[in-house]
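These notes concern the structure reproduced below.
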Amino acid sequence: MSSVFSFDDRLLAAAAAAEQAARPQFEEIDRISQHGTAKVLKAFQSQQVSAACFAGANGYGYDDVGRDKLDRVWAEVFHTEDALVRHHFVSGTHALSTALFGVLRTGDKMVSVTGAPYDTLEEVIGIRGKGNGSLADYGITYGQVDLKPDGTPDFDAMPEAVRGAKVVYLQRSRGYSLRPALTVADIRKIAVITRSVNPDAVIMVDNCYGEFVDYEEPTDAGADLIIGSLIKNPGGGIAETGGYIAGSAKLVEQCAYRLTCVGMGKEVGCSLNQCRSMYLGLFMAPEVVANARKTGAFAASLFRSLGFECLPEQGRTAGDIITVLALRSPEAMEAFCAGIQAGSPVDSYVTPEAWDMPGYESKVIMAAGTFTGGASIELSADGPMREPYAVYLQGGITYGSGKLGILTAAQKMLERGLITFAS
């Protein structure tokens, strides 16, 4: 690397030690990836995916073979009755909003058992901003079980809170917080608690950033619906846009009626030229997720050795692909994000700046030199410019490029005097 990129020798020595320390973690990540690849390959074979599935359709999309078979492949991979995989979803938040509006009715109650939801869902629910067509505007009430001081779920408070709820909502990823991401074991425990007091509740999981990080998915642990984005894990860095909803056939149908219209649902909505990238992205996803997790594990190992706090804590089971680096100051956040941008294959010559990003309460700085705009499975780093001045690292699609991006970020911090080595 030193013959191509000009990294400080002390940084390269620290990186070599950090990579060696992360080797046991890499081995477990590879085992999970192999298991995920086996599930995906088996689904492709059993559903008889062929080249004809990649052609797509136009117009109304009646009898769109590629679209319909992709739904069946997805359902098999995630062990569900049905799935709705569409490029029409503009983001993970859009897919989540579609699921919430598809399932909930006036007078129903939604309870988030993992604390406050992600920033972009606040207006969807009606926590922030009124009169814009939120769930609250339609007479749907909201309840919340706050996390314990250590950021873990408050299992003891859940039984009473979920009693009478139509939707019990779980956010798997940490969002812009320092709490641990939910593991599949956590989700299974919440499902058992919920069923014990409210067997008819719909257990809905925001699965963004969590696909293929474990041997099982939330639907193996009792979830009725899982929702996510194709420009995160399951798109494998190849899908150009889109999202998915997977779960029970009845609930998926209700969501499809919300996405298109009542009575038509999944039968309409042409796939255009998006099928091949969605199939190929799913096929590549377990391996790409493994590369992203290795990049995060390397970053955490390196920055811990440089004296920074990193999450998830060493030895803790990961629930998503996100690695949090508490950098302590806005200057360090700016330097790190500038380095990630400079270490990217696309737009490496630009410098990210914090801005008022739609749907967020604080200014957000975001480094993402990606082939697909905003793709969080590619190497990116972002965070709100507020205490504790932490960056949330995701991606990249290859470990080699991800490692170089992390080194470029560390080099940038070193040049600005924000990292020091003992003399």
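For the structure tokens, the naming scheme is as follows: chains receive sequential letters (A, B, ...) according to their order of presentation, residues are indexed from 1 within each chain, and ligands are indexed from 1 in presentation order.
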
> Counting only C-alpha atoms, what is within 6 Å of range 85-95 of chain A, bar same-chain residues fewer than 4 positions away, as a ChimeraX atom specification?
Replying inline: /A:71,228-229,241-244

> Residues at most 12 Å from range 128-140 of chain A, counting only C-alpha atoms, excluding those fewer than 6 positions away in the same chain, as a PyMOL selection string?
Replying inline: chain A and resi 97-111+116-122+165-167+359-361

> Leaving out Arg316 in chain A and any residue of its chain fewer than 2 positions from it, which residues lie within 12 Å of it when counting only C-alpha atoms, given as number ranges by chain?
Replying inline: A: 25, 180-183, 297, 310-314, 318-320

Using only C-alpha atoms, find each residue of range 168-218 of chain A with at least one atom at most 12 Å away from an atom of range 325-328 of chain A; report its shortest atom-to-atom pair and that distance in Å (one decimal), sort the rows by chain and rising residue number, and return the result as CSV.
residue,atom,partner,partner_atom,distance
A:Tyr176,CA,A:Leu325,CA,11.7
A:Ser177,CA,A:Ala326,CA,10.9
A:Leu178,CA,A:Ala326,CA,9.1

Could you save those same residues with C-alpha atoms as a PDB file, in the first residue's frame?
ATOM      1  CA  TYR A 176     -27.947   7.897  15.623  1.00  0.00           C
ATOM      2  CA  SER A 177     -27.501   6.631  19.167  1.00  0.00           C
ATOM      3  CA  LEU A 178     -24.900   4.706  21.124  1.00  0.00           C
TER       4      LEU A 178
END

>> Which residues are near Val49 in chain A? Cut-off 10 Å, only C-alpha atoms, ignore same chain within fewer than 3 positions. Put them as a PyMOL selection string.
In response: chain A and resi 43-46+52-54+65-66+69-70+73+279

Mind dumping the selected residues with C-alpha atoms as a PDB file, in the first residue's frame?
ATOM      1  CA  ALA A  43     -33.587 -20.085  -3.054  1.00  0.00           C
ATOM      2  CA  PHE A  44     -32.406 -19.150  -6.552  1.00  0.00           C
ATOM      3  CA  GLN A  45     -32.244 -22.815  -7.493  1.00  0.00           C
ATOM      4  CA  SER A  46     -35.534 -23.935  -5.952  1.00  0.00           C
ATOM      5  CA  ALA A  52     -35.965 -14.481 -18.510  1.00  0.00           C
ATOM      6  CA  CYS A  53     -36.407 -13.110 -14.960  1.00  0.00           C
ATOM      7  CA  PHE A  54     -33.983 -10.273 -15.712  1.00  0.00           C
ATOM      8  CA  VAL A  65     -42.297 -12.773 -14.217  1.00  0.00           C
ATOM      9  CA  GLY A  66     -39.073 -11.307 -12.868  1.00  0.00           C
ATOM     10  CA  LYS A  69     -40.333 -14.592  -8.845  1.00  0.00           C
ATOM     11  CA  LEU A  70     -38.050 -12.196  -6.979  1.00  0.00           C
ATOM     12  CA  VAL A  73     -36.962 -15.891  -3.806  1.00  0.00           C
ATOM     13  CA  TYR A 279     -31.392 -10.377  -8.269  1.00  0.00           C
TER      14      TYR A 279
END

>> If you run DSSP on the backbone here, which positions in range 128-296 of chain A get helix (DSSP H, G or I)? Please write them as a VMD selection string.
In response: chain A and resid 136 to 138 155 to 162 184 to 197 218 to 220 233 to 235 249 to 259 265 to 267 275 to 296

>> Given only C-alpha atoms as the basis, pick out the residue of A:Ala381, A:Ile321, A:Cys255, A:Ala161 nearest to Ile193 in chain A.
In response: A:Ala161

>> Considering only C-alpha atoms, can you say which of A:Ala191, A:Met284, A:Cys208, A:Ala300 comes closest to Ala22 in chain A?
In response: A:Ala300

> Smallest atom-to-atom distance to Val192 in chain A: which of A:Gly222, A:Ala21, A:Thr317, A:Gln171, using only C-alpha atoms?
Replying inline: A:Gly222

>> According to DSSP computed on the backbone, where in range 245-375 of chain A is there strand (DSSP E)? Give the residues as a list in words.
In response: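 Put together, the selection reads Ile245, Ala246, Gly247, Glu309, Cys310, Leu311, Thr323, Val324, Leu325, Ala326, Val364, Ile365, Met366 and Ala367 of chain A.
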
Could you name the residues that touch Lys403 in chain A at 8 Å or less, counting only C-alpha atoms, but leaving out those on the same chain fewer than 3 positions away, as a short mmCIF file (atom, residue, chain, number, x, y, z; two decimals) with N, CA and C atoms, in the first residue's frame?
data_model
loop_
_atom_site.label_atom_id
_atom_site.label_comp_id
_atom_site.auth_asym_id
_atom_site.auth_seq_id
_atom_site.Cartn_x
_atom_site.Cartn_y
_atom_site.Cartn_z
N THR A 295 -14.62 -4.42 7.36
CA THR A 295 -14.15 -3.03 7.35
C THR A 295 -14.43 -2.37 8.69
N PHE A 298 -12.15 -3.83 11.43
CA PHE A 298 -10.80 -3.27 11.31
C PHE A 298 -10.76 -1.84 11.85
N ALA A 299 -11.75 -1.03 11.47
CA ALA A 299 -11.79 0.36 11.93
C ALA A 299 -11.85 0.43 13.45
N TYR A 399 -13.42 -5.49 1.15
CA TYR A 399 -12.64 -5.20 2.35
C TYR A 399 -11.39 -4.39 2.03
N GLY A 400 -10.74 -4.71 0.91
CA GLY A 400 -9.52 -4.00 0.55
C GLY A 400 -9.73 -2.50 0.40
N ILE A 406 -10.49 3.64 5.51
CA ILE A 406 -10.27 3.86 6.95
C ILE A 406 -8.88 4.45 7.18
N LEU A 407 -7.89 3.93 6.50
CA LEU A 407 -6.53 4.46 6.66
C LEU A 407 -6.44 5.90 6.18
#

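Shortest atom-to-atom contact with Gly36 in chain A among A:Ile203, A:Ala157, A:Val252, A:Leu282: A:Leu282, counting only C-alpha atoms.
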
> With only C-alpha atoms as the basis for distance, which of A:Leu414, A:Ala223, A:Tyr169, A:Leu272 is at the shortest distance from Arg188 in chain A?
Replying inline: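 The shortest atom-to-atom distance to Arg188 in chain A comes from A:Ala223.
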